[in-house]
Structures are given as structure tokens and as C-alpha cells.
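Undergrad: Quick one: structure below, then a few questions.
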Amino acid sequence: MSHAEHELNSQPECWTRAAAEVARHADALPAPGERVAITGCGTSYYMAQAAAALREAAGHGETDAFPASEFPRGRSYDRVLALTRSGTTTEVLDLLAELSTPTTALTADPATPVKEAADDLIVLDYADERSVVQTRFATTALTLLRAHLGLHTPAVVADAHTALGTPLPEGLAHCAEFTFLGRGWTTGLAQEAALKMREASLSWTEAYPAMEYRHGPISISSEATATWMFGPAPEGLAAQVRATGARWIGGTLDPLAELVRAQRLALAVAALRDLDPDRPRHLTRSVILTP
């Protein structure tokens, strides 16, 4: 079993622990009414997108998400929340060093420079990973933030167990193209699903807000395409996708559990292509830039 597969399978336990511990992190997390920005790179940025959309939709306050390299320095926030598994990513550390706003970092490794760069630190070391490809740290960080908003329930963990224990749709791993769609907070999850497919299996993947899919991207769909919806689909979209000949996968589980299914798909395609998901080409655990 690869490290990625082991880490993927351990997510329900990690989520349960994060939800149980959220209260002790409350002082380091955004309070209701605060204007907040959430940042990260790669997978962490897509989790930031999801968390920001959830927080604002829940009425907790205006919340933005940015890649650390594109953070608008001129904007004013009450708190900046940075997601960084390694605690060593150059763009995140550079940003935290520049900000005078109160900052909190969620990391898997406290013995890294982010400990000194952020004002507050939340450590999810039990969700750390040996695989380069992120799975459990990202979803555990998002679970912590969902629980902080009062949006996590035991049903989410039950759905994760279902995602791990139910076979993937027959033949899905043999598709040539994969498109992931989301709405609201699940748009970030769709982007992350596409990234996992690219990283682990070198697949041709795309991700879009579901309503935007009709505005051009649907033109590439064919019998070789699988289109996967995270959360409820816009009315009529499934029929339009099927009319192209593409395969429609409607999400029936909690969207975070659907992401677990997509992670499983990435590993399944990697296995078919004899690729090592623990060591994807051209990638490292952290992007550290030298002057």
C-alpha cells in the first residue's frame, strides 16, 4: 500500500479528531463578524476557497481566499488564516512576514519556520503525510474550519466511510478526460479533485463552477469524458452533459466525502498507468524558493 493510499483511508479518523478538538482552538480561529482572508498554495488554496465560501454563506462575516503569491497587500482584514502542511512554503512565509494583521497558521509540522512567522499556530500533526500528494491534511484542516462554523456533523464522517467502502463506478478509471464541477464552497473541492487527478495520475482534468460549464467548456465533452458534480447540480445540467455522450457522475454524499471518492479515483488511474502517487513527477512536498 502506498503512503497516499494509507493516508487517504485514514481520513474519517482524522476528521473525527479535528471536530472533537476544535473548541480548544477557538481563540486562534476567526470570530463571527471579523473580516477574514484565508490563504495557501496549491491544495491549501483550494481548501481556503471552500472555507471562505462556507464562512461567508454561514453569515460569519466577509471572507476572501487568495493564493499566497497573489494576496492583495493593500486590503484590510481583522485576521489572516494561512494553511500550510509543511510550514515551509516560501510564498506563505513571505506573506506572513509582511503582514501586521493578526495571523493564524494551520500546519502539520510545528518544528518549521511557520511557528515564528504566524501569531497563532494550530497543529494537526496527526494528519501529516509522507506522500507528496496531499489528502488527509487538507481535508482535516477544512473539517476543523467546518466544525468551527458549526457545519460538521457525524454524518460527514459516515459518508467518508461510505466513500472508502463503496466501489467506484465501473469503468470510470478508464475515461480519458475528467471534469469536476461545484457550486459555492464545493467549487474549491472541484478544483482540488482536478488537481489530485493531475498530480497523482497525470490525467487531463478541468474544474469549473457548475453554471459556467455551459459557457464554453461543455464543448469539449465527449464519450471519453467523465463529468463529476460536487453537491446538487443546476437544473438540466446532467441531461445536457449526457447529451454530449459524456458520463455524468452525480455526487450523492457530503461533498467532502465526494472528494475522498475523487482521491480514490486518482490513485486508481495512477495504478492503471503504473505511476507512483507518493512521488509525482516534478513535485516536492513543499515549494521552497531560493533567492
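Ordered as shown in the C-alpha cells, chains take letters A, B, and onward, while each chain numbers its residues from 1 and ligands are numbered from 1 in the order shown.
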Please list as a list in words every residue within 8 Å of region 61-65 of chain A, counting only C-alpha atoms and excluding residues in the same chain fewer than 2 positions away.
TA: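 My list of contacting residues is Pro32, Gly33, Glu34, Arg35, Val36, Ala37, Ile38, Thr39, Tyr45, Ala48, Gln49, Ala52, Ala53, Arg55, Glu56, Gly59 and Pro67 of chain A.
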Undergrad: Those same residues, written as a CSV table (one decimal), in the first residue's frame with N, CA and C atoms?
TA:
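Just written: selection35.csv:
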```csv
chain,number,residue,atom,x,y,z
A,32,PRO,N,-16.9,35.4,14.8
A,32,PRO,CA,-18.0,35.9,14.0
A,32,PRO,C,-18.0,37.4,13.8
A,33,GLY,N,-18.2,37.9,12.6
A,33,GLY,CA,-18.1,39.3,12.4
A,33,GLY,C,-16.8,39.9,11.9
A,34,GLU,N,-15.7,39.1,12.1
A,34,GLU,CA,-14.4,39.6,11.6
A,34,GLU,C,-14.4,39.5,10.1
A,35,ARG,N,-13.6,40.4,9.5
A,35,ARG,CA,-13.3,40.4,8.1
A,35,ARG,C,-12.0,39.5,7.9
A,36,VAL,N,-12.1,38.5,7.2
A,36,VAL,CA,-11.0,37.5,7.2
A,36,VAL,C,-10.6,37.1,5.8
A,37,ALA,N,-9.3,36.9,5.7
A,37,ALA,CA,-8.7,36.3,4.4
A,37,ALA,C,-8.1,35.0,4.8
A,38,ILE,N,-8.3,34.0,3.9
A,38,ILE,CA,-7.7,32.7,4.0
A,38,ILE,C,-6.8,32.4,2.8
A,39,THR,N,-5.6,31.9,3.1
A,39,THR,CA,-4.6,31.8,2.0
A,39,THR,C,-3.8,30.5,2.1
A,45,TYR,N,-4.7,26.3,-1.1
A,45,TYR,CA,-5.5,27.4,-1.6
A,45,TYR,C,-6.9,26.9,-1.9
A,48,ALA,N,-8.8,26.8,1.1
A,48,ALA,CA,-9.1,28.1,1.5
A,48,ALA,C,-10.3,28.7,0.8
A,49,GLN,N,-10.4,28.4,-0.5
A,49,GLN,CA,-11.6,28.8,-1.3
A,49,GLN,C,-12.9,28.2,-0.7
A,52,ALA,N,-13.6,29.8,2.8
A,52,ALA,CA,-14.1,31.1,2.7
A,52,ALA,C,-15.5,31.2,2.3
A,53,ALA,N,-15.9,30.4,1.3
A,53,ALA,CA,-17.3,30.4,0.8
A,53,ALA,C,-18.2,29.9,1.9
A,55,ARG,N,-17.8,30.1,5.2
A,55,ARG,CA,-17.9,31.0,6.3
A,55,ARG,C,-18.8,32.2,6.0
A,56,GLU,N,-18.6,32.7,4.8
A,56,GLU,CA,-19.4,33.9,4.4
A,56,GLU,C,-20.9,33.5,4.2
A,59,GLY,N,-22.9,33.4,7.3
A,59,GLY,CA,-23.2,34.6,8.0
A,59,GLY,C,-22.2,35.0,9.0
A,67,PRO,N,-4.4,32.8,-3.4
A,67,PRO,CA,-3.1,32.2,-3.3
A,67,PRO,C,-2.2,33.1,-2.6
```
Undergrad: Taking 4 positions as the minimum chain separation for residues in the same chain, which residues sit within 7 Å of region 9-23 of chain A when counting only C-alpha atoms? Answer as a list in words.
TA: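 Counting only the stated atoms, we get Glu5, Ala127, Arg136, Thr140, Thr143, Leu144, Ala147, His148, Val157, Ala160, His161 and Leu164 of chain A.
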Undergrad: Taking C-alpha atoms for each residue, export the selection above as a short mmCIF file (atom, residue, chain, number, x, y, z; two decimals), in the first residue's frame.
TA:
```cif
data_model
loop_
_atom_site.label_atom_id
_atom_site.label_comp_id
_atom_site.auth_asym_id
_atom_site.auth_seq_id
_atom_site.Cartn_x
_atom_site.Cartn_y
_atom_site.Cartn_z
CA GLU A 5 -3.49 5.16 -0.04
CA ALA A 127 -2.88 14.44 9.81
CA ARG A 136 -5.82 13.91 4.75
CA THR A 140 -8.76 17.61 8.08
CA THR A 143 -13.08 19.79 8.70
CA LEU A 144 -11.67 21.82 11.58
CA ALA A 147 -16.64 22.39 12.79
CA HIS A 148 -15.68 25.89 13.97
CA VAL A 157 -17.70 11.01 8.74
CA ALA A 160 -16.46 9.32 4.29
CA HIS A 161 -16.63 5.68 5.37
CA LEU A 164 -13.98 4.49 1.14
#
```
Undergrad: What lies within 10 Å of Glu116 (chain A) using only C-alpha atoms, ignoring chain neighbours under 4 positions off, as a list in words?
TA: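 After dropping sequence-adjacent residues, the list is Leu93, Leu96, Ala97, Pro110, Ala111, Thr112, Asp120 and Leu121 of chain A.
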Undergrad: Emit the selected residues as a compact mmCIF listing (two decimals), in the first residue's frame, including C-alpha atoms.
TA:
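The result, written out as selection_26.txt:
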```
# COMPACT_ATOMS: atom_id res chain seq x y z
CA LEU A 93 6.20 32.58 4.92
CA LEU A 96 3.13 36.24 6.97
CA ALA A 97 6.37 38.17 7.49
CA PRO A 110 5.29 22.84 14.27
CA ALA A 111 9.07 22.47 14.03
CA THR A 112 9.20 24.64 10.92
CA ASP A 120 -1.03 31.77 16.42
CA LEU A 121 -0.40 28.18 15.42
```
Undergrad: Here is a test: counting only C-alpha atoms, which residue of A:Ala105, A:Ala226, A:Ala176, A:Ala193 is nearest to Trp248 (chain A)?
TA: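 Closest to Trp248 (chain A) of all the choices is A:Ala226.
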Undergrad: Quick one: residues within 9 Å of Thr135 (chain A), only C-alpha atoms, excluding same-chain residues fewer than 4 positions away - as a PDB file with N, CA, C and O atoms, in the first residue's frame?
TA:
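Ended up saving to result-v4.pdb:
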```pdb
ATOM      1  N   ALA A   4       0.139   7.310   0.096  1.00  0.00           N
ATOM      2  CA  ALA A   4      -1.057   8.063  -0.289  1.00  0.00           C
ATOM      3  C   ALA A   4      -2.322   7.267   0.006  1.00  0.00           C
ATOM      4  O   ALA A   4      -3.313   7.814   0.508  1.00  0.00           O
ATOM      5  N   GLU A   7      -2.894   7.121   3.819  1.00  0.00           N
ATOM      6  CA  GLU A   7      -3.320   8.423   4.340  1.00  0.00           C
ATOM      7  C   GLU A   7      -4.744   8.749   3.910  1.00  0.00           C
ATOM      8  O   GLU A   7      -5.548   9.275   4.704  1.00  0.00           O
ATOM      9  N   LEU A   8      -5.071   8.415   2.679  1.00  0.00           N
ATOM     10  CA  LEU A   8      -6.436   8.609   2.183  1.00  0.00           C
ATOM     11  C   LEU A   8      -7.433   7.829   3.048  1.00  0.00           C
ATOM     12  O   LEU A   8      -8.480   8.360   3.447  1.00  0.00           O
ATOM     13  N   GLN A  11      -8.730   9.167   6.691  1.00  0.00           N
ATOM     14  CA  GLN A  11      -9.391  10.470   6.831  1.00  0.00           C
ATOM     15  C   GLN A  11     -10.570  10.489   7.812  1.00  0.00           C
ATOM     16  O   GLN A  11     -10.706  11.451   8.580  1.00  0.00           O
ATOM     17  N   THR A  43      -3.091  22.805  -3.104  1.00  0.00           N
ATOM     18  CA  THR A  43      -4.220  22.208  -2.401  1.00  0.00           C
ATOM     19  C   THR A  43      -4.728  23.103  -1.275  1.00  0.00           C
ATOM     20  O   THR A  43      -5.940  23.247  -1.091  1.00  0.00           O
ATOM     21  N   GLU A 129       1.562  13.891   6.467  1.00  0.00           N
ATOM     22  CA  GLU A 129       1.619  12.898   5.395  1.00  0.00           C
ATOM     23  C   GLU A 129       3.044  12.654   4.940  1.00  0.00           C
ATOM     24  O   GLU A 129       3.876  13.573   4.964  1.00  0.00           O
ATOM     25  N   SER A 131       3.334  11.119   1.827  1.00  0.00           N
ATOM     26  CA  SER A 131       3.171  11.288   0.383  1.00  0.00           C
ATOM     27  C   SER A 131       3.285  12.760   0.006  1.00  0.00           C
ATOM     28  O   SER A 131       2.851  13.645   0.757  1.00  0.00           O
ATOM     29  N   THR A 139      -8.092  17.854   3.966  1.00  0.00           N
ATOM     30  CA  THR A 139      -9.487  17.645   4.346  1.00  0.00           C
ATOM     31  C   THR A 139      -9.684  17.767   5.852  1.00  0.00           C
ATOM     32  O   THR A 139     -10.764  18.166   6.313  1.00  0.00           O
ATOM     33  N   THR A 140      -8.655  17.444   6.636  1.00  0.00           N
ATOM     34  CA  THR A 140      -8.761  17.607   8.080  1.00  0.00           C
ATOM     35  C   THR A 140      -8.763  19.087   8.463  1.00  0.00           C
ATOM     36  O   THR A 140      -9.513  19.511   9.352  1.00  0.00           O
ATOM     37  N   LYS A 196      -5.777  16.721  -7.819  1.00  0.00           N
ATOM     38  CA  LYS A 196      -5.358  15.380  -7.409  1.00  0.00           C
ATOM     39  C   LYS A 196      -5.186  14.472  -8.618  1.00  0.00           C
ATOM     40  O   LYS A 196      -4.251  13.674  -8.682  1.00  0.00           O
ATOM     41  N   VAL A 260     -13.124  12.526  -1.238  1.00  0.00           N
ATOM     42  CA  VAL A 260     -12.430  11.279  -0.925  1.00  0.00           C
ATOM     43  C   VAL A 260     -12.590  10.277  -2.073  1.00  0.00           C
ATOM     44  O   VAL A 260     -11.634   9.588  -2.457  1.00  0.00           O
ATOM     45  N   GLN A 263     -10.269  11.303  -4.757  1.00  0.00           N
ATOM     46  CA  GLN A 263      -8.901  10.911  -4.412  1.00  0.00           C
ATOM     47  C   GLN A 263      -8.664   9.440  -4.739  1.00  0.00           C
ATOM     48  O   GLN A 263      -7.604   9.065  -5.261  1.00  0.00           O
TER      49      GLN A 263
END
```
Undergrad: Please report, as an NGL selection string, each residue of region 46-178 of chain A to which DSSP assigns alpha helix (DSSP H) when run on this structure's backbone.
TA: :A and (46-57 or 90-98 or 114-117 or 136-148 or 154-165)
Undergrad: Compile the contact shell of Ala270 (chain A) as a VMD selection string: residues with an atom at most 10 Å away, counting only C-alpha atoms, same-chain residues fewer than 5 positions apart removed.
TA: chain A and resid 173 197 to 203 264 to 265 275 to 277 280
Undergrad: Return the single residue from A:Arg146, A:Lys115, A:Arg130, A:Arg75 that is closest to His60 (chain A), with distances computed using only C-alpha atoms.
TA: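 Closest to His60 (chain A) of all the choices is A:Arg146.
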Undergrad: Excluding same-chain residues fewer than 3 positions from Ala163 (chain A), what lies within 7 Å of it counting only C-alpha atoms, as number ranges by chain?
TA: A: 159-160, 166, 257-258, 260-261
Undergrad: When you count only C-alpha atoms, which of these residues is closest to Ala57 (chain A): A:Pro232, A:Pro102, A:Gly184, A:Gly87?
TA: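 Checking each of A:Pro232, A:Pro102, A:Gly184, A:Gly87 against Ala57 (chain A), counting only C-alpha atoms, the winner is A:Gly184.
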Undergrad: Any idea what the distance is between CA of Val133 (chain A) and CA of Asp278 (chain A)?
TA: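 Separating CA of Val133 (chain A) from CA of Asp278 (chain A) is a distance of 6.4 Å.
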